[in-house]
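Chemist: First, the structure itself, so that you have it in front of you.
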Amino acid sequence: QHQHQHQHQQRRCLSATALTPEQRSTTLDKLLVSQGSEHYMGWKLLDGRDAITKTFSFVDFNQAWEFMGKVAVLAEEMNHHPEWFNVYNRVEVTLTTHDCNGLSTNDIEMATKMDEYELQLLSGHS
């Protein structure tokens, strides 16, 4: 049930701006396009939480580690840190903003950057 998807009101957050209903139906929905679409990047809403998740798959552990290193630098710059889990070439990521108790503009920005890093690494342009 995705009843929570569009009913969030604007919330005050300390370090970020919670997604407005309009941002949820535009910016967030662009990240969540269906598998099979040419714009599909793999992001999904996480059941039971106002969060998005994606599993990144790389060539090997070194490439996964390089991705995590790039994201770590971004996370420190943004003061926004992902929840993640790594096994060999796979990195499972969950993004949400604890200050907002849900998704914020920081999550969208970080997801977009992660997708850029993924494309750079997989195309050999790190």
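Each chain of the structure tokens is named A, B, ... in the order shown, its residues numbered from 1; ligands are numbered from 1 in display order.
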Chain A: which residues are helix (DSSP H, G or I) by DSSP, as a PyMOL selection string?
Modeler: chain A and resi 21-31+61-78+105-122
Chemist: Which polymer residues have any atom within 7 Å of an atom of region 52-54 of chain A, counting only C-alpha atoms, with same-chain residues fewer than 6 positions away left out, as JSON, numbers by chain?
Modeler: {"A": [42, 43, 44, 45, 46, 92, 93, 94, 95, 96]}
Chemist: Give me a file of those residues, with N, CA and C atoms, as a PDB file, in the first residue's frame.
Modeler:
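The result, stored in part_29.pdb:
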ATOM      1  N   GLY A  42      16.380   2.242 -11.055  1.00  0.00           N
ATOM      2  CA  GLY A  42      16.402   1.230 -10.005  1.00  0.00           C
ATOM      3  C   GLY A  42      15.937   1.672  -8.630  1.00  0.00           C
ATOM      4  N   TRP A  43      15.571   2.936  -8.472  1.00  0.00           N
ATOM      5  CA  TRP A  43      15.100   3.399  -7.159  1.00  0.00           C
ATOM      6  C   TRP A  43      13.664   2.947  -6.907  1.00  0.00           C
ATOM      7  N   LYS A  44      13.375   2.590  -5.637  1.00  0.00           N
ATOM      8  CA  LYS A  44      12.035   2.166  -5.235  1.00  0.00           C
ATOM      9  C   LYS A  44      11.729   2.759  -3.867  1.00  0.00           C
ATOM     10  N   LEU A  45      10.434   2.939  -3.590  1.00  0.00           N
ATOM     11  CA  LEU A  45      10.038   3.300  -2.230  1.00  0.00           C
ATOM     12  C   LEU A  45      10.249   2.094  -1.331  1.00  0.00           C
ATOM     13  N   LEU A  46      10.672   2.346  -0.125  1.00  0.00           N
ATOM     14  CA  LEU A  46      10.889   1.278   0.842  1.00  0.00           C
ATOM     15  C   LEU A  46       9.590   1.049   1.602  1.00  0.00           C
ATOM     16  N   GLU A  92      23.882  -1.863  -1.373  1.00  0.00           N
ATOM     17  CA  GLU A  92      22.461  -1.602  -1.154  1.00  0.00           C
ATOM     18  C   GLU A  92      22.349  -0.296  -0.371  1.00  0.00           C
ATOM     19  N   VAL A  93      21.581   0.646  -0.908  1.00  0.00           N
ATOM     20  CA  VAL A  93      21.486   1.984  -0.334  1.00  0.00           C
ATOM     21  C   VAL A  93      20.046   2.286   0.057  1.00  0.00           C
ATOM     22  N   THR A  94      19.877   2.916   1.216  1.00  0.00           N
ATOM     23  CA  THR A  94      18.584   3.471   1.623  1.00  0.00           C
ATOM     24  C   THR A  94      18.812   4.938   1.949  1.00  0.00           C
ATOM     25  N   LEU A  95      17.944   5.782   1.392  1.00  0.00           N
ATOM     26  CA  LEU A  95      18.029   7.221   1.660  1.00  0.00           C
ATOM     27  C   LEU A  95      16.743   7.710   2.317  1.00  0.00           C
ATOM     28  N   THR A  96      16.913   8.443   3.404  1.00  0.00           N
ATOM     29  CA  THR A  96      15.841   9.130   4.101  1.00  0.00           C
ATOM     30  C   THR A  96      16.502  10.198   4.948  1.00  0.00           C
TER      31      THR A  96
END
Chemist: As an exercise, work out the distance from CA of Trp84 (chain A) to CA of Arg49 (chain A) in Å and give it to one decimal place.
Modeler: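 About the pair CA of Trp84 (chain A) and CA of Arg49 (chain A): they are 15.4 Å apart.
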Chemist: List every residue of chain A that DSSP, applied to the backbone of this structure, assigns to strand (DSSP E or B), and report them as a list of chain:residue names.
Modeler: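 Matching residues for strand (DSSP E or B) in chain A are A:Ala18, A:Lys44, A:Leu45, A:Ile52, A:Thr53, A:Lys54, A:Thr55, A:Phe56, A:Ser57, A:Glu83, A:Trp84, A:Phe85, A:Asn86, A:Val87, A:Arg90, A:Val91, A:Glu92, A:Val93, A:Thr94, A:Leu95, A:Thr97, A:Gly102, A:Ser104.
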Chemist: Which residue gives the smallest distance to Leu122 (chain A) among A:Phe85, A:Tyr40, A:Phe58, A:Trp65, with only C-alpha atoms counted?
Modeler: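 The closest residue to Leu122 (chain A) is A:Phe58.
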Chemist: Restricting the calculation to only C-alpha atoms: of A:Asp115, A:Glu22, A:Asp60, A:Asp50, which residue gets closest to Tyr88 (chain A)?
Modeler: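 Ranked by minimum distance to Tyr88 (chain A), first place goes to A:Asp60.
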